[in-house]
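> This is the structure, below, for whatever I ask next.
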Amino acid sequence: MLLKIVLLLALVAQVLVLDNGLLQTPPMGWLSWERFRCNTDCDEDPKNCISERLFMEMADRLAKDGWRDLGYVYLNIDDCWIGGRDAKGLLVPDSKRFPHGIAFLADYAHSLGLKLGIYEDMGNLTCMGYPGTTLDKVEQDAQTFAEWKVDMLKLDGCFSTRMDRAKGYPMMATALNATGRPIAYSCSWPAYEGGLPPMVNYSLLAETCNLWRNYDDIQDSWKDVLSILDWFVLHQDILQPVAGPGHWNDPDMLIIGNFGLSFEQARAQMALWTVLAAPLFMSTDLRTISAQDVEILQNPLMIKINQDPLGIQGRRILQEKSQIEVFKRPLSDEASALVFFSRRTDMPFRYRSTLGRLRFPSSRVYEAQDVFSGQIITGLRDKTNFTVIVNPSGVVMWYLYPIKSLAISKWKSQD
Ligand code: GLA
């Protein structure tokens, strides 16, 4: 009898766990929301309205301008694509703006080596008022997305109760599993519960979703980048341990390439999001983005760090009186990423430090590569003084790796 109960419980647990094997590293791609919002005016603004044309043009850019080959493969539709439900209750896209349907867009994305993401809302309506996925529609909608060959679902949480969400988010994980199609699952669930325990159960979330929005929406300003960063840092003891391969915290989209960030701030968002092991979803116009912003977003070493296979989220380890903050992310092969971030508003600051101060062991000699300039600084021991010059609201970022183990070389020289 006991065995039977155990087996039954194991079965139930198995069914509830999202089991798609996806997103072993944070997802990378493009998401329409922050830049293109709910612009549905295709008569006045045909190039920028939420329509199949916009997604096809972004797909072309992702495939042809080097993005896809660096890992930016998700082309994700956000709110405002829905036209309604048909007589059978099936979701249909707005027929004027998506005349060929979503399956067509998915095929188009796949033909270019991309993946298509879609948006729905666990509730009566999406945040912009389009038909949502109520509890009775969860299975049907999961099936529809799978039939369209969608590869990711962002499930928002407007117009629902806490109870709806507690039932609906796990129910959707089960429904996605049941389709047999691997569909990455992005949940906005915690953001609607304040983002923190006891209202949010992060172990359950990690078993239910591949990524989740914890906090407020990003807007096109440095102030918003800072307020999101501050919240993630304030709660890093809770948030940092719950991220890992297949399940990520999502501080929201990159706004690089838009209107709100200076050059230094754009680099800072990229470096800080990377050290936080955040999803890299751009939300910018890839048709008109500047070469300077492309360089920030396409930095190969930055992407290698973001995509590190260990999938450990970084932490802020130091907050200096000088208003320099140091973030550290452990990486594979005993390497680390370090971000020196300046909150100053006066002038470039000469930050003097040692690896010992940044909690590196004395038993190794390290080398650092500056992630933006490529410059190499070698022979760093725990007590070696170094100076980095950090611009106001900017960063210096290092990829740091051991080149010698002092204990072993000592032993060898005695040999
Ligand atoms: C919420 C989400 C945003 C976006 C909008 C769409 O605010 O947090 O990311 O999806 O809804 O309406």
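For the structure tokens, the naming scheme is as follows: chains receive sequential letters (A, B, ...) according to their order of presentation, residues are indexed from 1 within each chain, and ligands are indexed from 1 in presentation order.
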Contacts between ligand 1 and chain A, please, where a residue of chain A counts if it comes within 10 Å (with only C-alpha atoms and all ligand atoms); show its shortest atom pair and distance in Å to one decimal, rows by chain and ascending number, as a Markdown table.


| residue | atom | partner | partner_atom_place_in_ligand_line | distance |
| --- | --- | --- | --- | --- |
| A:Leu31 | CA | ligand 1 | 9 (O) | 9.2 |
| A:Ser32 | CA | ligand 1 | 10 (O) | 8.9 |
| A:Trp33 | CA | ligand 1 | 4 (C) | 5.8 |
| A:Glu34 | CA | ligand 1 | 9 (O) | 7.3 |
| A:Arg37 | CA | ligand 1 | 6 (C) | 7.1 |
| A:Cys38 | CA | ligand 1 | 12 (O) | 7.3 |
| A:Ile77 | CA | ligand 1 | 10 (O) | 9.3 |
| A:Asp78 | CA | ligand 1 | 10 (O) | 5.6 |
| A:Asp79 | CA | ligand 1 | 6 (C) | 4.7 |
| A:Cys80 | CA | ligand 1 | 12 (O) | 7.3 |
| A:Tyr119 | CA | ligand 1 | 10 (O) | 7.4 |
| A:Glu120 | CA | ligand 1 | 10 (O) | 8.6 |
| A:Asp121 | CA | ligand 1 | 11 (O) | 8.6 |
| A:Leu125 | CA | ligand 1 | 12 (O) | 9.8 |
| A:Thr126 | CA | ligand 1 | 12 (O) | 6.3 |
| A:Cys127 | CA | ligand 1 | 12 (O) | 4.2 |
| A:Met128 | CA | ligand 1 | 12 (O) | 4.7 |
| A:Gly129 | CA | ligand 1 | 12 (O) | 8.0 |
| A:Tyr130 | CA | ligand 1 | 12 (O) | 9.1 |
| A:Lys154 | CA | ligand 1 | 10 (O) | 7.9 |
| A:Leu155 | CA | ligand 1 | 10 (O) | 8.5 |
| A:Asp156 | CA | ligand 1 | 2 (C) | 6.2 |
| A:Gly157 | CA | ligand 1 | 1 (C) | 7.7 |
| A:Cys158 | CA | ligand 1 | 1 (C) | 7.3 |
| A:Cys187 | CA | ligand 1 | 8 (O) | 9.9 |
| A:Ser188 | CA | ligand 1 | 8 (O) | 6.9 |
| A:Trp189 | CA | ligand 1 | 8 (O) | 9.9 |
| A:Ala191 | CA | ligand 1 | 8 (O) | 7.9 |
| A:Tyr192 | CA | ligand 1 | 8 (O) | 9.1 |
| A:Arg213 | CA | ligand 1 | 8 (O) | 7.5 |
| A:Asn214 | CA | ligand 1 | 8 (O) | 9.6 |
| A:Tyr215 | CA | ligand 1 | 8 (O) | 8.4 |
| A:Asp216 | CA | ligand 1 | 8 (O) | 6.9 |
| A:Asp217 | CA | ligand 1 | 8 (O) | 5.1 |
| A:Ile218 | CA | ligand 1 | 9 (O) | 7.8 |
| A:Gln219 | CA | ligand 1 | 9 (O) | 9.7 |
| A:Asp252 | CA | ligand 1 | 9 (O) | 7.3 |
| A:Met253 | CA | ligand 1 | 9 (O) | 8.2 |

> Compile the contact shell of A:Met172 as a PyMOL selection string: residues with an atom at most 12 Å away, counting only C-alpha atoms, same-chain residues fewer than 6 positions apart removed.

chain A and resi 15-18+120-122+133-143+145+153-156+164-166+178-179+183-187+189+208-209

> Counting only C-alpha atoms, what is within 9 Å of stretch 383-390 of chain A, bar same-chain residues fewer than 6 positions away, as an mmCIF file with C-alpha atoms, in the first residue's frame?


data_model
loop_
_atom_site.group_PDB
_atom_site.id
_atom_site.type_symbol
_atom_site.label_atom_id
_atom_site.label_comp_id
_atom_site.auth_asym_id
_atom_site.auth_seq_id
_atom_site.Cartn_x
_atom_site.Cartn_y
_atom_site.Cartn_z
ATOM 1 C CA ILE A 324 32.047 51.732 -6.893
ATOM 2 C CA PHE A 340 33.202 47.193 -11.570
ATOM 3 C CA PHE A 341 30.198 49.500 -11.657
ATOM 4 C CA SER A 342 30.274 53.226 -10.864
ATOM 5 C CA MET A 347 34.116 61.934 -13.518
ATOM 6 C CA PRO A 348 35.979 58.726 -14.370
ATOM 7 C CA PHE A 349 37.052 57.153 -11.073
ATOM 8 C CA ARG A 350 40.362 55.366 -10.519
ATOM 9 C CA TYR A 351 39.350 52.339 -8.458
ATOM 10 C CA ARG A 352 42.315 50.682 -6.779
ATOM 11 C CA SER A 353 41.877 47.185 -5.446
ATOM 12 C CA THR A 354 43.366 43.697 -5.129
ATOM 13 C CA LEU A 355 42.038 40.253 -5.902
ATOM 14 C CA GLY A 356 42.415 39.452 -2.215
ATOM 15 C CA ARG A 357 39.905 42.177 -1.446
ATOM 16 C CA SER A 362 46.253 33.480 -2.540
ATOM 17 C CA VAL A 396 34.664 47.916 -16.447
#

> Counting only C-alpha atoms, what is within 8 Å of A:Gln307, bar same-chain residues fewer than 4 positions away, as a list in words?

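Close residues of A:Gln307: Thr25, Pro26, Ala277, Ile303 and Gly311 of chain A.
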
> I'd like to know which of A:Gly29, A:Gly246, A:Pro170, A:Pro46 is closest to A:Trp67, using only C-alpha atoms.

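Closest candidate: A:Gly29.
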
> Distance atom CA of A:Phe104-atom CA of A:Trp81, one decimal place?

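These atoms are spaced 13.9 Å apart.
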
> So the first atom is atom CA of A:Gly394 and the second is atom CA of A:Glu295; what is the distance between them in Å, to one decimal place?

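These two atoms are separated by 15.9 Å.
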
> Output as a ChimeraX atom specification all residues of stretch 149-280 of chain A that backbone DSSP marks as helix (DSSP H, G or I).

/A:162-179,189-193,202-208,222-234,236-242,263-275

> Excluding A:Lys149 and any residue of its chain fewer than 4 positions from it, enumerate the residues within 9 Å of it, using only C-alpha atoms, and give them as an NGL selection string.

:A and (102-103 or 106-107 or 116 or 144-145 or 181 or 183)

> Could you save those same residues with C-alpha atoms as a short mmCIF file (atom, residue, chain, number, x, y, z; two decimals), in the first residue's frame?


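Contents of again_35.cif, as written:
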data_model
loop_
_atom_site.label_atom_id
_atom_site.label_comp_id
_atom_site.auth_asym_id
_atom_site.auth_seq_id
_atom_site.Cartn_x
_atom_site.Cartn_y
_atom_site.Cartn_z
CA ILE A 102 0.98 32.36 -36.49
CA ALA A 103 1.92 28.96 -37.96
CA ALA A 106 6.70 30.05 -37.01
CA ASP A 107 7.59 28.39 -40.31
CA LEU A 116 9.18 31.72 -32.37
CA THR A 144 -2.97 25.57 -30.25
CA PHE A 145 0.54 26.91 -29.59
CA ARG A 181 6.44 19.81 -28.24
CA ILE A 183 8.02 24.86 -25.55
#
